[in-house]
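The file target_12.pdb comes next; it holds PDB, C-alpha atoms.
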ATOM      1  CA  MET A  21     -25.940 -16.361 -13.079
ATOM      2  CA  ALA A  22     -23.442 -17.414 -10.424
ATOM      3  CA  ASN A  23     -22.507 -16.074  -7.020
ATOM      4  CA  THR A  24     -18.817 -15.261  -7.386
ATOM      5  CA  ALA A  25     -15.944 -13.699  -5.491
ATOM      6  CA  PHE A  26     -12.772 -12.149  -6.851
ATOM      7  CA  ILE A  27      -9.666 -11.762  -4.699
ATOM      8  CA  GLY A  28      -7.007  -9.322  -5.944
ATOM      9  CA  LEU A  29      -7.847  -6.235  -7.977
ATOM     10  CA  GLY A  30      -4.553  -5.398  -9.644
ATOM     11  CA  VAL A  31      -4.099  -4.415 -13.301
ATOM     12  CA  MET A  32      -5.432  -7.861 -14.298
ATOM     13  CA  GLY A  33      -7.937  -8.683 -11.578
ATOM     14  CA  TYR A  34      -9.763  -5.346 -11.633
ATOM     15  CA  PRO A  35     -10.987  -5.623 -15.257
ATOM     16  CA  MET A  36     -11.506  -9.404 -15.008
ATOM     17  CA  ALA A  37     -13.854  -8.951 -12.057
ATOM     18  CA  GLY A  38     -15.504  -6.124 -13.979
ATOM     19  CA  HIS A  39     -16.355  -8.473 -16.839
ATOM     20  CA  LEU A  40     -18.000 -10.875 -14.378
ATOM     21  CA  ALA A  41     -20.275  -8.053 -13.215
ATOM     22  CA  LYS A  42     -21.027  -6.964 -16.780
ATOM     23  CA  LYS A  43     -22.107 -10.508 -17.645
ATOM     24  CA  GLY A  44     -24.618 -10.444 -14.803
ATOM     25  CA  HIS A  45     -22.768 -12.519 -12.207
ATOM     26  CA  ARG A  46     -23.070 -11.442  -8.571
ATOM     27  CA  VAL A  47     -19.580 -10.396  -7.473
ATOM     28  CA  THR A  48     -18.002  -9.759  -4.081
ATOM     29  CA  VAL A  49     -14.440  -8.437  -4.169
ATOM     30  CA  TYR A  50     -11.517  -8.264  -1.796
ATOM     31  CA  ASN A  51      -8.304  -6.333  -2.241
ATOM     32  CA  ARG A  52      -5.449  -5.784   0.190
ATOM     33  CA  THR A  53      -5.774  -2.020  -0.420
ATOM     34  CA  ALA A  54      -9.400  -1.266   0.444
ATOM     35  CA  LYS A  55      -9.526   1.919  -1.664
ATOM     36  CA  ARG A  56      -9.053  -0.183  -4.785
ATOM     37  CA  ALA A  57     -12.027  -2.375  -3.832
ATOM     38  CA  GLN A  58     -14.127   0.701  -3.047
ATOM     39  CA  ALA A  59     -13.347   2.149  -6.487
ATOM     40  CA  TRP A  60     -14.319  -1.161  -8.118
ATOM     41  CA  VAL A  61     -17.673  -1.316  -6.298
ATOM     42  CA  LYS A  62     -18.384   2.303  -7.209
ATOM     43  CA  GLN A  63     -17.732   1.500 -10.879
ATOM     44  CA  HIS A  64     -19.268  -1.972 -11.187
ATOM     45  CA  GLY A  65     -21.641  -2.444  -8.266
ATOM     46  CA  GLY A  66     -21.491  -5.637  -6.245
ATOM     47  CA  ARG A  67     -19.996  -5.792  -2.776
ATOM     48  CA  MET A  68     -16.606  -5.618  -1.085
ATOM     49  CA  ALA A  69     -15.430  -7.545   1.957
ATOM     50  CA  ALA A  70     -12.857  -6.893   4.669
ATOM     51  CA  THR A  71     -11.186 -10.308   4.372
ATOM     52  CA  PRO A  72     -10.848 -13.046   1.734
ATOM     53  CA  ALA A  73     -12.882 -15.404   3.957
ATOM     54  CA  ALA A  74     -15.748 -12.922   4.174
ATOM     55  CA  ALA A  75     -15.679 -12.313   0.418
ATOM     56  CA  VAL A  76     -16.047 -15.981  -0.536
ATOM     57  CA  LYS A  77     -18.545 -17.263   2.049
ATOM     58  CA  ASP A  78     -21.584 -17.258  -0.292
ATOM     59  CA  ALA A  79     -19.741 -17.853  -3.583
ATOM     60  CA  ASP A  80     -20.226 -20.850  -5.844
ATOM     61  CA  VAL A  81     -17.125 -19.945  -7.854
ATOM     62  CA  VAL A  82     -14.136 -18.053  -6.439
ATOM     63  CA  PHE A  83     -11.281 -16.442  -8.366
ATOM     64  CA  SER A  84      -7.979 -14.896  -7.334
ATOM     65  CA  CYS A  85      -5.247 -13.049  -9.179
ATOM     66  CA  VAL A  86      -2.350 -11.837  -7.026
ATOM     67  CA  GLY A  87       1.402 -11.397  -7.424
ATOM     68  CA  ASN A  88       3.253 -14.584  -6.530
ATOM     69  CA  ASP A  89       3.410 -17.664  -4.278
ATOM     70  CA  ALA A  90       3.874 -15.619  -1.102
ATOM     71  CA  HIS A  91       0.874 -13.417  -1.887
ATOM     72  CA  LEU A  92      -1.207 -16.505  -2.608
ATOM     73  CA  ARG A  93      -0.390 -18.042   0.751
ATOM     74  CA  GLN A  94      -1.467 -14.817   2.440
ATOM     75  CA  VAL A  95      -4.943 -14.836   0.865
ATOM     76  CA  VAL A  96      -5.558 -18.603   0.748
ATOM     77  CA  PHE A  97      -4.529 -19.936   4.150
ATOM     78  CA  GLY A  98      -5.240 -18.912   7.728
ATOM     79  CA  ARG A  99      -8.336 -17.969   9.683
ATOM     80  CA  ASN A 100      -9.259 -15.162   7.264
ATOM     81  CA  GLY A 101      -8.141 -16.938   4.092
ATOM     82  CA  ILE A 102     -10.108 -18.139   1.089
ATOM     83  CA  LEU A 103     -10.255 -21.796   2.117
ATOM     84  CA  ALA A 104     -11.455 -20.908   5.610
ATOM     85  CA  GLY A 105     -14.469 -19.085   4.177
ATOM     86  CA  MET A 106     -15.532 -21.220   1.201
ATOM     87  CA  LYS A 107     -18.563 -23.463   1.448
ATOM     88  CA  ARG A 108     -18.234 -27.159   0.658
ATOM     89  CA  GLY A 109     -18.821 -28.023  -2.998
ATOM     90  CA  ALA A 110     -17.740 -24.598  -4.296
ATOM     91  CA  VAL A 111     -14.939 -24.261  -6.878
ATOM     92  CA  TYR A 112     -11.876 -22.040  -6.571
ATOM     93  CA  CYS A 113      -9.830 -21.052  -9.649
ATOM     94  CA  ASP A 114      -6.567 -19.182  -9.151
ATOM     95  CA  HIS A 115      -5.382 -16.986 -12.056
ATOM     96  CA  THR A 116      -2.047 -15.972 -10.496
ATOM     97  CA  THR A 117       1.097 -16.889 -12.430
ATOM     98  CA  ALA A 118       2.753 -18.913  -9.692
ATOM     99  CA  THR A 119       4.545 -22.244  -9.280
ATOM    100  CA  ALA A 120       3.033 -25.659  -9.852
ATOM    101  CA  THR A 121       4.209 -26.440  -6.308
ATOM    102  CA  ILE A 122       1.921 -23.880  -4.654
ATOM    103  CA  ALA A 123      -0.938 -24.966  -6.939
ATOM    104  CA  ARG A 124      -0.629 -28.565  -5.695
ATOM    105  CA  GLU A 125      -0.313 -27.350  -2.102
ATOM    106  CA  ILE A 126      -3.561 -25.409  -2.396
ATOM    107  CA  GLU A 127      -5.303 -28.316  -4.133
ATOM    108  CA  ALA A 128      -4.463 -30.681  -1.270
ATOM    109  CA  ALA A 129      -5.825 -28.216   1.304
ATOM    110  CA  ALA A 130      -8.907 -27.510  -0.830
ATOM    111  CA  ARG A 131      -9.680 -31.224  -1.149
ATOM    112  CA  ALA A 132      -9.503 -31.603   2.624
ATOM    113  CA  ALA A 133     -11.958 -28.705   2.955
ATOM    114  CA  GLY A 134     -14.383 -30.202   0.430
ATOM    115  CA  VAL A 135     -13.617 -27.531  -2.157
ATOM    116  CA  GLY A 136     -12.652 -27.929  -5.840
ATOM    117  CA  PHE A 137      -9.479 -26.227  -7.048
ATOM    118  CA  LEU A 138      -8.141 -25.221 -10.477
ATOM    119  CA  ASP A 139      -4.899 -23.458 -11.363
ATOM    120  CA  GLY A 140      -5.685 -21.172 -14.297
ATOM    121  CA  PRO A 141      -2.930 -18.678 -15.158
ATOM    122  CA  VAL A 142      -3.749 -16.323 -18.011
ATOM    123  CA  SER A 143      -2.029 -14.841 -21.049
ATOM    124  CA  GLY A 144      -2.955 -11.667 -22.889
ATOM    125  CA  GLY A 145      -1.702  -8.992 -20.534
ATOM    126  CA  GLN A 146      -3.542  -5.950 -19.254
ATOM    127  CA  ALA A 147      -5.076  -5.249 -22.667
ATOM    128  CA  GLY A 148      -6.421  -8.798 -22.863
ATOM    129  CA  ALA A 149      -7.949  -8.459 -19.397
ATOM    130  CA  GLU A 150      -9.537  -5.106 -20.207
ATOM    131  CA  ASN A 151     -10.954  -6.367 -23.501
ATOM    132  CA  GLY A 152     -12.110  -9.704 -22.080
ATOM    133  CA  VAL A 153     -10.033 -11.800 -24.493
ATOM    134  CA  LEU A 154      -7.612 -13.646 -22.216
ATOM    135  CA  THR A 155      -6.263 -17.133 -22.836
ATOM    136  CA  VAL A 156      -6.666 -19.314 -19.745
ATOM    137  CA  MET A 157      -4.488 -22.401 -19.171
ATOM    138  CA  VAL A 158      -6.145 -24.697 -16.654
ATOM    139  CA  GLY A 159      -5.054 -27.612 -14.510
ATOM    140  CA  GLY A 160      -7.482 -29.631 -12.392
ATOM    141  CA  ASP A 161     -10.379 -32.062 -12.316
ATOM    142  CA  ARG A 162     -12.749 -31.950 -15.284
ATOM    143  CA  SER A 163     -15.866 -31.796 -13.089
ATOM    144  CA  HIS A 164     -14.538 -28.627 -11.399
ATOM    145  CA  PHE A 165     -13.503 -27.238 -14.778
ATOM    146  CA  GLU A 166     -17.007 -27.623 -16.163
ATOM    147  CA  VAL A 167     -18.428 -25.636 -13.238
ATOM    148  CA  ALA A 168     -15.958 -22.768 -13.610
ATOM    149  CA  ARG A 169     -15.617 -22.571 -17.383
ATOM    150  CA  PRO A 170     -18.925 -20.777 -18.198
ATOM    151  CA  VAL A 171     -18.010 -18.101 -15.655
ATOM    152  CA  ILE A 172     -14.406 -17.768 -16.878
ATOM    153  CA  ASP A 173     -15.793 -17.227 -20.385
ATOM    154  CA  SER A 174     -16.847 -13.765 -19.164
ATOM    155  CA  TYR A 175     -13.278 -12.501 -19.682
ATOM    156  CA  ALA A 176     -11.649 -15.122 -21.898
ATOM    157  CA  ARG A 177     -11.600 -16.106 -25.550
ATOM    158  CA  ALA A 178      -9.923 -19.468 -24.936
ATOM    159  CA  VAL A 179     -10.180 -21.687 -21.845
ATOM    160  CA  THR A 180      -8.399 -25.042 -22.039
ATOM    161  CA  LEU A 181      -8.038 -27.900 -19.541
ATOM    162  CA  LEU A 182      -4.477 -29.220 -19.924
ATOM    163  CA  GLY A 183      -4.220 -31.868 -17.211
ATOM    164  CA  SER A 184      -4.208 -32.243 -13.448
ATOM    165  CA  VAL A 185      -3.517 -29.390 -11.022
ATOM    166  CA  GLY A 186      -0.169 -27.778 -11.854
ATOM    167  CA  ALA A 187      -0.530 -28.283 -15.610
ATOM    168  CA  GLY A 188      -1.827 -24.745 -16.042
ATOM    169  CA  GLN A 189       1.187 -23.227 -14.300
ATOM    170  CA  VAL A 190       3.686 -25.303 -16.266
ATOM    171  CA  THR A 191       1.948 -24.327 -19.516
ATOM    172  CA  LYS A 192       2.177 -20.648 -18.537
ATOM    173  CA  ALA A 193       5.907 -21.117 -17.875
ATOM    174  CA  ILE A 194       6.260 -22.544 -21.388
ATOM    175  CA  ASN A 195       4.257 -19.605 -22.756
ATOM    176  CA  GLN A 196       6.667 -17.098 -21.201
ATOM    177  CA  THR A 197       9.677 -19.064 -22.449
ATOM    178  CA  CYS A 198       8.405 -18.857 -26.021
ATOM    179  CA  ILE A 199       7.694 -15.133 -25.723
ATOM    180  CA  VAL A 200      11.115 -14.020 -24.479
ATOM    181  CA  GLY A 201      12.964 -15.949 -27.167
ATOM    182  CA  LEU A 202      11.002 -14.014 -29.786
ATOM    183  CA  VAL A 203      11.486 -10.667 -28.040
ATOM    184  CA  GLN A 204      15.247 -11.148 -27.755
ATOM    185  CA  GLY A 205      15.485 -12.151 -31.420
ATOM    186  CA  LEU A 206      13.394  -9.133 -32.405
ATOM    187  CA  ALA A 207      15.553  -6.834 -30.247
ATOM    188  CA  GLU A 208      18.732  -8.104 -31.880
ATOM    189  CA  GLY A 209      17.274  -7.769 -35.379
ATOM    190  CA  LEU A 210      16.105  -4.188 -34.825
ATOM    191  CA  ALA A 211      19.394  -3.138 -33.234
ATOM    192  CA  PHE A 212      21.210  -4.794 -36.159
ATOM    193  CA  ALA A 213      19.124  -2.795 -38.648
ATOM    194  CA  GLU A 214      19.953   0.492 -36.915
ATOM    195  CA  LYS A 215      23.669  -0.271 -36.665
ATOM    196  CA  ALA A 216      23.685  -1.161 -40.365
ATOM    197  CA  GLY A 217      22.292   2.287 -41.188
ATOM    198  CA  LEU A 218      18.890   1.036 -42.343
ATOM    199  CA  ASP A 219      15.472   2.513 -41.616
ATOM    200  CA  ALA A 220      14.354  -0.040 -39.012
ATOM    201  CA  LYS A 221      10.664   0.749 -39.487
ATOM    202  CA  LYS A 222      10.934   0.057 -43.218
ATOM    203  CA  VAL A 223      12.767  -3.169 -42.468
ATOM    204  CA  VAL A 224       9.909  -4.256 -40.169
ATOM    205  CA  GLY A 225       7.408  -3.295 -42.855
ATOM    206  CA  VAL A 226       9.073  -5.758 -45.218
ATOM    207  CA  ILE A 227       9.989  -8.694 -42.974
ATOM    208  CA  SER A 228       6.642  -8.649 -41.148
ATOM    209  CA  LYS A 229       5.066  -9.837 -44.403
ATOM    210  CA  GLY A 230       7.174 -12.995 -44.385
ATOM    211  CA  ALA A 231       8.224 -15.846 -42.117
ATOM    212  CA  ALA A 232       9.680 -13.478 -39.478
ATOM    213  CA  GLN A 233       6.214 -12.190 -38.607
ATOM    214  CA  SER A 234       5.018 -12.700 -35.020
ATOM    215  CA  TRP A 235       2.677 -11.147 -32.452
ATOM    216  CA  GLN A 236       5.686  -9.489 -30.845
ATOM    217  CA  MET A 237       6.775  -7.952 -34.152
ATOM    218  CA  GLU A 238       3.281  -6.764 -34.953
ATOM    219  CA  ASN A 239       2.628  -5.244 -31.513
ATOM    220  CA  ARG A 240       6.049  -4.288 -30.142
ATOM    221  CA  ALA A 241       8.535  -3.677 -32.985
ATOM    222  CA  LEU A 242       7.641  -0.032 -33.647
ATOM    223  CA  THR A 243       7.560   0.912 -29.972
ATOM    224  CA  MET A 244      10.923  -0.803 -29.481
ATOM    225  CA  ILE A 245      12.360   1.296 -32.312
ATOM    226  CA  ASP A 246      10.883   4.440 -30.731
ATOM    227  CA  ASP A 247      12.310   3.421 -27.339
ATOM    228  CA  LYS A 248       8.896   3.462 -25.628
ATOM    229  CA  PHE A 249       8.222   1.003 -22.836
ATOM    230  CA  ASP A 250       5.574   2.635 -20.652
ATOM    231  CA  PHE A 251       2.870  -0.006 -21.229
ATOM    232  CA  GLY A 252       2.238  -3.749 -21.343
ATOM    233  CA  PHE A 253       3.691  -6.580 -19.265
ATOM    234  CA  ALA A 254       6.239  -5.318 -16.724
ATOM    235  CA  THR A 255       9.830  -6.549 -16.727
ATOM    236  CA  LYS A 256       9.713  -7.441 -13.012
ATOM    237  CA  TRP A 257       6.864  -9.882 -13.658
ATOM    238  CA  MET A 258       8.573 -11.446 -16.660
ATOM    239  CA  TYR A 259      11.735 -11.916 -14.619
ATOM    240  CA  LYS A 260       9.657 -13.612 -11.914
ATOM    241  CA  ASP A 261       7.910 -15.834 -14.463
ATOM    242  CA  LEU A 262      11.172 -16.910 -16.086
ATOM    243  CA  GLY A 263      12.528 -17.846 -12.679
ATOM    244  CA  ILE A 264       9.520 -20.142 -12.282
ATOM    245  CA  ALA A 265      10.035 -21.563 -15.776
ATOM    246  CA  LEU A 266      13.702 -22.326 -15.167
ATOM    247  CA  ALA A 267      12.937 -23.992 -11.828
ATOM    248  CA  GLU A 268      10.218 -26.172 -13.385
ATOM    249  CA  ALA A 269      12.509 -27.061 -16.290
ATOM    250  CA  LYS A 270      15.213 -28.153 -13.869
ATOM    251  CA  LYS A 271      12.768 -30.480 -12.100
ATOM    252  CA  CYS A 272      11.903 -32.362 -15.280
ATOM    253  CA  GLY A 273      15.358 -32.168 -16.881
ATOM    254  CA  ALA A 274      14.450 -29.745 -19.680
ATOM    255  CA  ASN A 275      17.418 -27.797 -21.069
ATOM    256  CA  MET A 276      16.732 -24.073 -21.618
ATOM    257  CA  PRO A 277      20.048 -22.251 -22.158
ATOM    258  CA  ALA A 278      18.555 -19.395 -24.206
ATOM    259  CA  THR A 279      15.879 -18.695 -21.575
ATOM    260  CA  ALA A 280      18.500 -18.647 -18.818
ATOM    261  CA  LEU A 281      20.528 -16.132 -20.830
ATOM    262  CA  VAL A 282      17.554 -13.857 -21.519
ATOM    263  CA  ASN A 283      16.681 -13.935 -17.834
ATOM    264  CA  GLN A 284      20.143 -12.498 -17.143
ATOM    265  CA  PHE A 285      19.397  -9.720 -19.631
ATOM    266  CA  TYR A 286      16.221  -8.891 -17.695
ATOM    267  CA  ALA A 287      18.262  -8.818 -14.481
ATOM    268  CA  GLN A 288      20.491  -6.160 -16.064
ATOM    269  CA  LEU A 289      17.436  -4.037 -16.873
ATOM    270  CA  LEU A 290      16.043  -4.405 -13.353
ATOM    271  CA  ALA A 291      19.401  -3.256 -11.989
ATOM    272  CA  VAL A 292      19.050   0.116 -13.763
ATOM    273  CA  GLY A 293      15.477   0.777 -12.615
ATOM    274  CA  GLY A 294      13.517  -1.041 -15.312
ATOM    275  CA  GLU A 295      11.024  -2.884 -13.080
ATOM    276  CA  ARG A 296       7.947  -1.273 -14.635
ATOM    277  CA  TRP A 297       9.206  -1.027 -18.211
ATOM    278  CA  ASP A 298       7.420  -3.189 -20.738
ATOM    279  CA  SER A 299       9.220  -6.523 -21.200
ATOM    280  CA  SER A 300      10.081  -5.589 -24.799
ATOM    281  CA  CYS A 301      12.772  -3.299 -23.329
ATOM    282  CA  LEU A 302      15.347  -6.060 -23.979
ATOM    283  CA  ILE A 303      16.502  -3.928 -26.908
ATOM    284  CA  ARG A 304      17.945  -1.380 -24.463
ATOM    285  CA  ASN A 305      20.711  -3.829 -23.564
ATOM    286  CA  LEU A 306      21.807  -3.513 -27.192
ATOM    287  CA  THR A 307      21.206   0.168 -27.960
ATOM    288  CA  ARG A 308      22.486   1.566 -24.624
ATOM    289  CA  LYS A 309      20.311   4.666 -24.867
ATOM    290  CA  ALA A 310      20.569   6.924 -21.809
ATOM    291  CA  TRP A 311      16.877   7.597 -21.309
ATOM    292  CA  ALA A 312      13.595   7.019 -23.088
ATOM    293  CA  PRO A 313       9.912   8.032 -22.765
ATOM    294  CA  GLY A 314       8.162   5.961 -20.135
ATOM    295  CA  MET A 315      11.322   5.376 -18.123
ATOM    296  CA  PRO A 316      12.066   6.906 -14.731
ATOM    297  CA  LYS A 317      13.874  10.192 -15.287
ATOM    298  CA  LYS A 318      16.063   9.410 -12.307
ATOM    299  CA  SER A 319      17.936   6.835 -14.420
ATOM    300  CA  LYS A 320      19.954   9.456 -16.309
ATOM    301  CA  PRO A 321      20.822  11.731 -13.357
ATOM    302  CA  ALA A 322      21.852   8.693 -11.318
ATOM    303  CA  LYS A 323      24.354   7.760 -14.004
ATOM    304  CA  THR A 324      25.706  11.307 -14.262
ATOM    305  CA  LYS A 325      26.009  11.615 -10.479
ATOM    306  CA  LYS A 326      27.931   8.376 -10.237
ATOM    307  CA  ALA A 327      30.321   9.493 -12.967
ATOM    308  CA  GLY A 328      30.817  12.801 -11.194
ATOM    309  CA  LYS A 329      31.725  11.046  -7.959
ATOM    310  CA  ALA A 330      34.227   8.881  -9.752
ATOM    311  CA  LYS A 331      35.977  11.937 -11.203
ATOM    312  CA  ALA A 332      35.977  13.703  -7.850
ATOM    313  CA  LYS A 333      37.749  10.751  -6.247
ATOM    314  CA  LYS A 334      40.430  10.586  -8.904
ATOM    315  CA  LYS A 335      41.548  14.243  -8.643
ATOM    316  CA  PRO A 336      42.483  14.235  -4.941
ATOM    317  CA  ALA A 337      44.302  10.934  -5.487
ATOM    318  CA  LYS A 338      46.508  12.558  -8.145
ATOM    319  CA  ARG A 339      47.291  15.578  -5.941
ATOM    320  CA  LYS A 340      48.164  13.316  -3.029
ATOM    321  CA  ALA A 341      50.494  11.274  -5.186
ATOM    322  CA  ALA A 342      52.180  14.449  -6.417
ATOM    323  CA  LYS A 343      52.839  15.649  -2.855
ATOM    324  CA  LYS A 344      54.391  12.353  -1.900
ATOM    325  CA  THR A 345      56.739  12.486  -4.897
ATOM    326  CA  LYS A 346      57.745  16.049  -4.122
ATOM    327  CA  ALA A 347      58.363  15.233  -0.477
ATOM    328  CA  GLY A 348      60.365  12.228  -1.480
ATOM    329  CA  LYS A 349      62.597  14.306  -3.748
ATOM    330  CA  GLY A 350      63.156  16.780  -0.932
ATOM    331  CA  LYS A 351      64.385  14.070   1.417
ATOM    332  CA  ARG A 352      66.808  12.701  -1.140
ATOM    333  CA  LYS A 353      68.315  16.159  -1.692
ATOM    334  CA  THR A 354      68.869  16.575   2.083
ATOM    335  CA  ARG A 355      70.708  13.265   2.312
ATOM    336  CA  ARG A 356      73.041  14.283  -0.490
TER     337      ARG A 356
END

Could you express the structure from this file as structure tokens?
Amino acid sequence: MANTAFIGLGVMGYPMAGHLAKKGHRVTVYNRTAKRAQAWVKQHGGRMAATPAAAVKDADVVFSCVGNDAHLRQVVFGRNGILAGMKRGAVYCDHTTATATIAREIEAAARAAGVGFLDGPVSGGQAGAENGVLTVMVGGDRSHFEVARPVIDSYARAVTLLGSVGAGQVTKAINQTCIVGLVQGLAEGLAFAEKAGLDAKKVVGVISKGAAQSWQMENRALTMIDDKFDFGFATKWMYKDLGIALAEAKKCGANMPATALVNQFYAQLLAVGGERWDSSCLIRNLTRKAWAPGMPKKSKPAKTKKAGKAKAKKKPAKRKAAKKTKAGKGKRKTRR
């Protein structure tokens, strides 16, 4: 069993680190919010550390899973960062969905410190992390991959080396691109069924047996019809991921007009408070429902309040205009 460290105990990292402990690996954790790390240690054992550097000092294999490029820089670099604490010859695998640019930046610094680095973003969402069945897309040197892979197997069902550092992040960007195209198509189909007066659930029951079938249809169609989005992969993260995908596509000259359009649809949902809604909420741009289970209840009152303000502004304007007209008539009569 390996000495490991896990940095970042969010909805993904918490269960992933838990699977390492369950498989018998020795785990030290670090989380920006210490209470989260304390809860993890109470549940799984192991140790917690006050800084990333302290967490990784004895580890043979180090993992991280944080929010974005900026968060990565905070935990990787600096006097208390991951690279400052790692011993020479150890391997660091980052599971954050970030840019290929930051992955290559970390790899260069890791090489200078005598540390191996892999970028290994994951797919499978919170459920995949909790059930230990994630798909891991890896970029890096094969020798480092072979060290980390047996440990990664603790929470993954598929771990694949796709090329040099950065290849994992680009593959994850492609993964997200393929997902949102399906979700948008599914959203349009379901909204079409409802507008046509059909029982959308019966329609799904039929078309899911044919060529239209997909993971998204099997796992999200019925909840989309029921207008439930209080689970799964959050819209704010999908919007972030698509931004990465579009930037990477631009670098290599790939044309992705549909992805760019869907990203605008996500922006519309974020604008009305949909940050934490499941990314299948694309259908709400088509159905225009006022409120749904799992959505912040403030969405509906905010809309009503805004409408009320608009009406309140219009009424005084009409009265003012009427006074002016009356006054004007009075002046004309005096002149006559």

Using all atoms listed in the file, the best pick from A:Gly225, A:Gly209, A:Gly148, A:Gly293 as closest to A:Lys256 would be A:Gly293

Tell me which protein, DNA and RNA residues are within 12 Å of A:Leu289, counting only C-alpha atoms, leaving out same-chain ones fewer than 4 positions away, and put them as a list in words. Ala254, Thr255, Lys256, Met258, Tyr259, Val282, Asn283, Gln284, Phe285, Gly293, Gly294, Glu295, Arg296, Trp297, Asp298, Ser299, Ser300, Cys301, Leu302, Ile303, Arg304, Asn305, Leu306, Arg308, Met315 and Ser319 of chain A

Neighbouring residues of stretch 218-222 of chain A were defined as those with any atom within 12 Å, considering all atoms listed in the file; residues of the same chain fewer than 6 positions away were excluded. Please report them as a ChimeraX atom specification. /A:206-212,228-229,237-238,240-246

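Distances from A:Lys62, A:His45, A:Lys107, A:Arg56 to A:Ala74 were compared using only C-alpha atoms, and the smallest one belongs to A:Lys107.
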
Write out as CSV a residue-level contact list of stretch 234-298 of chain A versus stretch 186-203 of chain A with cut-off 7 Å: for each qualifying residue the closest pair of atoms and the distance in Å to one decimal, counting only C-alpha atoms, rows sorted by chain and residue number upward.
residue,atom,partner,partner_atom,distance
A:Gln236,CA,A:Val203,CA,6.5
A:Asp261,CA,A:Ala193,CA,6.6
A:Leu262,CA,A:Gln196,CA,6.8
A:Ile264,CA,A:Ala193,CA,6.7
A:Ala265,CA,A:Ala193,CA,4.7
A:Thr279,CA,A:Thr197,CA,6.3

Between A:Met21, A:Leu29, A:Ala231, A:Val142, single out the one closest to A:Lys42, counting all atoms listed in the file. A:Met21

The residues within 9 Å of (-23.1, -6.8, -6.5), using all atoms listed in the file and the coordinates of the file, should be reported as a PyMOL selection string; which are they? chain A and resi 41+45-48+61+64-68

Between A:Val82, A:Val292, A:Ile227, A:Ile27, smallest distance to A:Val95 by all atoms listed in the file belongs to A:Ile27

At a cut-off of 10 Å, using all atoms listed in the file, what residues contact A:Pro35? Leave out same-chain residues fewer than 3 positions from it and give the result as an NGL selection string. :A and (29-32 or 38-41 or 60 or 64 or 146-152 or 175)

I'd like the neighbourhood of A:Arg169 as a PDB file with C-alpha atoms, keeping the file's coordinate frame, where a residue qualifies if any of its atoms comes within 12 Å (using all atoms listed in the file), though same-chain residues fewer than 2 positions away should be ignored.
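Produced file selection_19.pdb, reproduced below:
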ATOM      1  CA  ALA A  22     -23.442 -17.414 -10.424  1.00  0.00           C
ATOM      2  CA  VAL A  81     -17.125 -19.945  -7.854  1.00  0.00           C
ATOM      3  CA  VAL A  82     -14.136 -18.053  -6.439  1.00  0.00           C
ATOM      4  CA  PHE A  83     -11.281 -16.442  -8.366  1.00  0.00           C
ATOM      5  CA  VAL A 111     -14.939 -24.261  -6.878  1.00  0.00           C
ATOM      6  CA  TYR A 112     -11.876 -22.040  -6.571  1.00  0.00           C
ATOM      7  CA  CYS A 113      -9.830 -21.052  -9.649  1.00  0.00           C
ATOM      8  CA  LEU A 138      -8.141 -25.221 -10.477  1.00  0.00           C
ATOM      9  CA  GLY A 140      -5.685 -21.172 -14.297  1.00  0.00           C
ATOM     10  CA  VAL A 156      -6.666 -19.314 -19.745  1.00  0.00           C
ATOM     11  CA  MET A 157      -4.488 -22.401 -19.171  1.00  0.00           C
ATOM     12  CA  VAL A 158      -6.145 -24.697 -16.654  1.00  0.00           C
ATOM     13  CA  GLY A 160      -7.482 -29.631 -12.392  1.00  0.00           C
ATOM     14  CA  ASP A 161     -10.379 -32.062 -12.316  1.00  0.00           C
ATOM     15  CA  ARG A 162     -12.749 -31.950 -15.284  1.00  0.00           C
ATOM     16  CA  SER A 163     -15.866 -31.796 -13.089  1.00  0.00           C
ATOM     17  CA  HIS A 164     -14.538 -28.627 -11.399  1.00  0.00           C
ATOM     18  CA  PHE A 165     -13.503 -27.238 -14.778  1.00  0.00           C
ATOM     19  CA  GLU A 166     -17.007 -27.623 -16.163  1.00  0.00           C
ATOM     20  CA  VAL A 167     -18.428 -25.636 -13.238  1.00  0.00           C
ATOM     21  CA  VAL A 171     -18.010 -18.101 -15.655  1.00  0.00           C
ATOM     22  CA  ILE A 172     -14.406 -17.768 -16.878  1.00  0.00           C
ATOM     23  CA  ASP A 173     -15.793 -17.227 -20.385  1.00  0.00           C
ATOM     24  CA  SER A 174     -16.847 -13.765 -19.164  1.00  0.00           C
ATOM     25  CA  TYR A 175     -13.278 -12.501 -19.682  1.00  0.00           C
ATOM     26  CA  ALA A 176     -11.649 -15.122 -21.898  1.00  0.00           C
ATOM     27  CA  ARG A 177     -11.600 -16.106 -25.550  1.00  0.00           C
ATOM     28  CA  ALA A 178      -9.923 -19.468 -24.936  1.00  0.00           C
ATOM     29  CA  VAL A 179     -10.180 -21.687 -21.845  1.00  0.00           C
ATOM     30  CA  THR A 180      -8.399 -25.042 -22.039  1.00  0.00           C
ATOM     31  CA  LEU A 181      -8.038 -27.900 -19.541  1.00  0.00           C
TER      32      LEU A 181
END

Between atom CA of A:Val135 and atom CA of A:Tyr50, distance in Å (one decimal): 19.4 Å

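Residues near the point (-12.7, -9.6, 1.1), at a distance of 10 Å or less over all atoms listed in the file, make up Ala25, Phe26, Ile27, Gly28, Thr48, Val49, Tyr50, Asn51, Arg52, Ala54, Ala57, Arg67, Met68, Ala69, Ala70, Thr71, Pro72, Ala73, Ala74, Ala75, Val76, Lys77, Val95, Asn100, Gly101 and Ile102 of chain A.
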
Grab the atom CA of A:Ala104 to atom CA of A:Ala130 distance for me, in Å with one decimal place. 9.6 Å

Test item: axis-aligned box, all listed atoms of stretch 35-42 of chain A, 3 Å on each side, centre and edges in Å rounded to one decimal, as JSON:
{"center_x": -16.0, "center_y": -8.2, "center_z": -14.4, "size_x": 16.0, "size_y": 11.3, "size_z": 10.8}
